[in-house]
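Q: This one is data_21.pdb, PDB, C-alpha atoms.
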```
ATOM      1  CA  MET I   1      -6.897 -27.826   8.216  1.00  0.00           C
ATOM      2  CA  LYS I   2      -4.404 -30.673   8.378  1.00  0.00           C
ATOM      3  CA  LYS I   3      -2.736 -31.045  11.751  1.00  0.00           C
ATOM      4  CA  THR I   4       0.989 -31.732  11.593  1.00  0.00           C
ATOM      5  CA  SER I   5       2.508 -34.018  14.149  1.00  0.00           C
ATOM      6  CA  ALA I   6       5.464 -33.097  16.344  1.00  0.00           C
ATOM      7  CA  PRO I   7       8.739 -34.903  15.720  1.00  0.00           C
ATOM      8  CA  PRO I   8       9.169 -38.047  17.807  1.00  0.00           C
ATOM      9  CA  ILE I   9      11.430 -37.781  20.824  1.00  0.00           C
ATOM     10  CA  THR I  10      13.761 -40.392  19.326  1.00  0.00           C
ATOM     11  CA  SER I  11      14.714 -38.025  16.508  1.00  0.00           C
ATOM     12  CA  LEU I  12      16.027 -35.405  18.907  1.00  0.00           C
ATOM     13  CA  PRO I  13      19.817 -35.108  19.225  1.00  0.00           C
ATOM     14  CA  LEU I  14      21.661 -36.402  22.261  1.00  0.00           C
ATOM     15  CA  SER I  15      22.193 -34.083  25.175  1.00  0.00           C
ATOM     16  CA  PRO I  16      25.741 -32.707  25.551  1.00  0.00           C
ATOM     17  CA  ASP I  17      26.265 -34.878  28.642  1.00  0.00           C
ATOM     18  CA  GLU I  18      25.266 -38.059  26.803  1.00  0.00           C
ATOM     19  CA  GLU I  19      27.432 -37.159  23.806  1.00  0.00           C
ATOM     20  CA  ARG I  20      30.409 -36.493  26.090  1.00  0.00           C
ATOM     21  CA  LYS I  21      29.821 -39.840  27.812  1.00  0.00           C
ATOM     22  CA  HIS I  22      29.914 -41.687  24.468  1.00  0.00           C
ATOM     23  CA  ARG I  23      33.116 -39.895  23.436  1.00  0.00           C
ATOM     24  CA  MET I  24      34.803 -40.694  26.755  1.00  0.00           C
ATOM     25  CA  ILE I  25      33.918 -44.385  26.437  1.00  0.00           C
ATOM     26  CA  LYS I  26      35.343 -44.566  22.909  1.00  0.00           C
ATOM     27  CA  TYR I  27      38.529 -42.779  23.971  1.00  0.00           C
ATOM     28  CA  SER I  28      38.940 -44.951  27.091  1.00  0.00           C
ATOM     29  CA  VAL I  29      38.630 -48.147  25.061  1.00  0.00           C
ATOM     30  CA  ALA I  30      41.254 -46.907  22.604  1.00  0.00           C
ATOM     31  CA  MET I  31      43.613 -45.991  25.438  1.00  0.00           C
ATOM     32  CA  GLY I  32      43.050 -49.448  26.946  1.00  0.00           C
ATOM     33  CA  VAL I  33      44.165 -50.951  23.639  1.00  0.00           C
ATOM     34  CA  ARG I  34      47.228 -48.681  23.774  1.00  0.00           C
ATOM     35  CA  VAL I  35      48.141 -49.986  27.229  1.00  0.00           C
ATOM     36  CA  LEU I  36      47.836 -53.534  25.874  1.00  0.00           C
ATOM     37  CA  CYS I  37      50.147 -52.586  23.003  1.00  0.00           C
ATOM     38  CA  LEU I  38      52.744 -51.280  25.461  1.00  0.00           C
ATOM     39  CA  ILE I  39      52.524 -54.487  27.503  1.00  0.00           C
ATOM     40  CA  LEU I  40      52.857 -56.578  24.322  1.00  0.00           C
ATOM     41  CA  ALA I  41      55.920 -54.565  23.293  1.00  0.00           C
ATOM     42  CA  VAL I  42      57.636 -55.694  26.485  1.00  0.00           C
ATOM     43  CA  ILE I  43      56.504 -59.331  26.205  1.00  0.00           C
ATOM     44  CA  VAL I  44      57.071 -59.952  22.463  1.00  0.00           C
ATOM     45  CA  PRO I  45      60.706 -60.867  21.659  1.00  0.00           C
ATOM     46  CA  GLY I  46      62.839 -59.489  18.827  1.00  0.00           C
ATOM     47  CA  TRP I  47      61.872 -57.041  16.153  1.00  0.00           C
ATOM     48  CA  TRP I  48      58.191 -57.992  16.475  1.00  0.00           C
ATOM     49  CA  ALA I  49      58.110 -55.682  19.501  1.00  0.00           C
ATOM     50  CA  ALA I  50      58.210 -52.766  17.051  1.00  0.00           C
ATOM     51  CA  VAL I  51      54.682 -53.532  15.799  1.00  0.00           C
ATOM     52  CA  PRO I  52      52.885 -52.870  19.110  1.00  0.00           C
ATOM     53  CA  LEU I  53      55.212 -49.916  19.781  1.00  0.00           C
ATOM     54  CA  VAL I  54      54.230 -48.273  16.492  1.00  0.00           C
ATOM     55  CA  ALA I  55      50.577 -48.946  17.273  1.00  0.00           C
ATOM     56  CA  ALA I  56      51.018 -47.399  20.734  1.00  0.00           C
ATOM     57  CA  ILE I  57      52.611 -44.300  19.208  1.00  0.00           C
ATOM     58  CA  PHE I  58      49.912 -43.626  16.607  1.00  0.00           C
ATOM     59  CA  LEU I  59      46.881 -44.829  18.555  1.00  0.00           C
ATOM     60  CA  PRO I  60      46.310 -41.580  20.547  1.00  0.00           C
ATOM     61  CA  TYR I  61      45.785 -39.609  17.327  1.00  0.00           C
ATOM     62  CA  PHE I  62      43.301 -42.143  15.978  1.00  0.00           C
ATOM     63  CA  ALA I  63      41.601 -42.376  19.374  1.00  0.00           C
ATOM     64  CA  VAL I  64      40.862 -38.645  19.348  1.00  0.00           C
ATOM     65  CA  VAL I  65      39.588 -38.765  15.773  1.00  0.00           C
ATOM     66  CA  ILE I  66      37.370 -41.775  16.471  1.00  0.00           C
ATOM     67  CA  ALA I  67      36.047 -40.276  19.712  1.00  0.00           C
ATOM     68  CA  ASN I  68      35.081 -37.023  18.000  1.00  0.00           C
ATOM     69  CA  VAL I  69      33.164 -38.650  15.158  1.00  0.00           C
ATOM     70  CA  SER I  70      29.498 -37.785  15.476  1.00  0.00           C
ATOM     71  CA  VAL I  71      27.394 -40.389  17.257  1.00  0.00           C
ATOM     72  CA  GLU I  72      24.197 -39.494  15.363  1.00  0.00           C
ATOM     73  CA  GLN I  73      25.042 -40.223  11.747  1.00  0.00           C
ATOM     74  CA  GLY I  74      21.784 -42.081  11.058  1.00  0.00           C
ATOM     75  CA  ARG I  75      19.471 -39.600  12.758  1.00  0.00           C
ATOM     76  CA  VAL I  76      17.499 -36.908  10.995  1.00  0.00           C
ATOM     77  CA  ASP I  77      17.487 -33.216  11.765  1.00  0.00           C
ATOM     78  CA  VAL I  78      14.898 -31.949  14.176  1.00  0.00           C
ATOM     79  CA  GLN I  79      12.026 -30.346  12.318  1.00  0.00           C
ATOM     80  CA  ARG I  80      10.317 -27.130  13.346  1.00  0.00           C
ATOM     81  CA  PRO I  81       6.894 -27.881  14.778  1.00  0.00           C
ATOM     82  CA  GLY I  82       4.068 -26.971  12.409  1.00  0.00           C
ATOM     83  CA  SER I  83       2.359 -24.579  14.806  1.00  0.00           C
ATOM     84  CA  ILE I  84       5.299 -22.155  14.863  1.00  0.00           C
ATOM     85  CA  VAL I  85       5.206 -19.703  12.012  1.00  0.00           C
ATOM     86  CA  PRO I  86       8.427 -18.087  10.808  1.00  0.00           C
ATOM     87  CA  MET I  87       8.610 -14.454  11.791  1.00  0.00           C
ATOM     88  CA  ALA I  88       8.487 -12.002   8.897  1.00  0.00           C
ATOM     89  CA  PRO I  89      10.058  -8.544   9.120  1.00  0.00           C
ATOM     90  CA  PRO I  90       7.604  -5.779  10.032  1.00  0.00           C
ATOM     91  CA  PRO I  91       6.067  -3.900   7.099  1.00  0.00           C
ATOM     92  CA  PRO I  92       7.811  -0.651   6.300  1.00  0.00           C
ATOM     93  CA  GLY I  93       6.106   2.269   7.962  1.00  0.00           C
ATOM     94  CA  PRO I  94       6.263   5.957   7.097  1.00  0.00           C
ATOM     95  CA  ARG I  95       9.771   7.336   7.202  1.00  0.00           C
ATOM     96  CA  GLU I  96      10.727   9.995   9.712  1.00  0.00           C
ATOM     97  CA  ASP I  97      11.431  12.706   7.103  1.00  0.00           C
ATOM     98  CA  ASP I  98       7.967  12.107   5.484  1.00  0.00           C
ATOM     99  CA  ARG I  99       6.244  12.873   8.806  1.00  0.00           C
ATOM    100  CA  GLU I 100       8.180  16.081   9.384  1.00  0.00           C
ATOM    101  CA  GLY I 101       6.998  17.562   6.067  1.00  0.00           C
ATOM    102  CA  GLN I 102       3.329  17.412   7.072  1.00  0.00           C
TER
END
```
Would you write the structure of this file as structure tokens?

A:
Amino acid sequence: MKKTSAPPITSLPLSPDEERKHRMIKYSVAMGVRVLCLILAVIVPGWWAAVPLVAAIFLPYFAVVIANVSVEQGRVDVQRPGSIVPMAPPPPGPREDDREGQ
């Protein structure tokens, strides 16, 4: 009988806490860039100030989208260990009305 190996621990998905941490870091970096855009809008003279203002307006939407993108795109799904057998439904037994007729 061939023994199947368990999946390596590195193929397991991230814990919810770790995933949340990664999303918060991505979002915080994007909001830092937004603050820089607002500061640039005040510093830059003339109509060029509109460029960082537009970026500051649309950046929150993109920050949320980027933060919610899955971290584990390159990872594989966790496989069921080989020692666990899928559960089959129980075989049909005698019906109740068949027993009453005896």

Q: Once the PyMOL selection byres ((chain I and resi 53-55) around 10) is applied to the coordinates I shared, what remains selected? I want it as a compact mmCIF listing (two decimals) with C-alpha atoms, in the coordinates of the input.

A:
```txt
# COMPACT_ATOMS: atom_id res chain seq x y z
CA VAL I 33 44.16 -50.95 23.64
CA ARG I 34 47.23 -48.68 23.77
CA CYS I 37 50.15 -52.59 23.00
CA LEU I 38 52.74 -51.28 25.46
CA ILE I 39 52.52 -54.49 27.50
CA LEU I 40 52.86 -56.58 24.32
CA ALA I 41 55.92 -54.56 23.29
CA VAL I 42 57.64 -55.69 26.48
CA TRP I 48 58.19 -57.99 16.48
CA ALA I 49 58.11 -55.68 19.50
CA ALA I 50 58.21 -52.77 17.05
CA VAL I 51 54.68 -53.53 15.80
CA PRO I 52 52.88 -52.87 19.11
CA ALA I 56 51.02 -47.40 20.73
CA ILE I 57 52.61 -44.30 19.21
CA PHE I 58 49.91 -43.63 16.61
CA LEU I 59 46.88 -44.83 18.56
CA PRO I 60 46.31 -41.58 20.55
```

Q: List every protein, DNA or RNA residue that has at least one atom no more than 12 Å from (36.2, -37.7, 16.0) in the file's coordinates, counting all atoms listed in the file, and write the result as a list in words.

A: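 Selection result: Glu19, Arg20, His22, Arg23, Met24, Lys26, Tyr27, Pro60, Tyr61, Phe62, Ala63, Val64, Val65, Ile66, Ala67, Asn68, Val69, Ser70 and Val71 of chain I.
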
Q: Which distance in Å separates CA of Gly46 in chain I and CA of Ala30 in chain I, to one decimal?

A: 25.3 Å

Q: Edge lengths and centre in Å to one decimal, as AutoDock Vina command-line options, of the axis-aligned box that encloses all listed atoms of range 15-27 of chain I with 8 Å added on every side?

A:
```
--center_x 30.4 --center_y -38.6 --center_z 25.8 --size_x 32.3 --size_y 27.9 --size_z 21.7
```

Q: Quick one: pull the distance between CA of Asp17 in chain I and CA of Val29 in chain I, Å, one decimal.

A: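 A separation of 18.5 Å between them.
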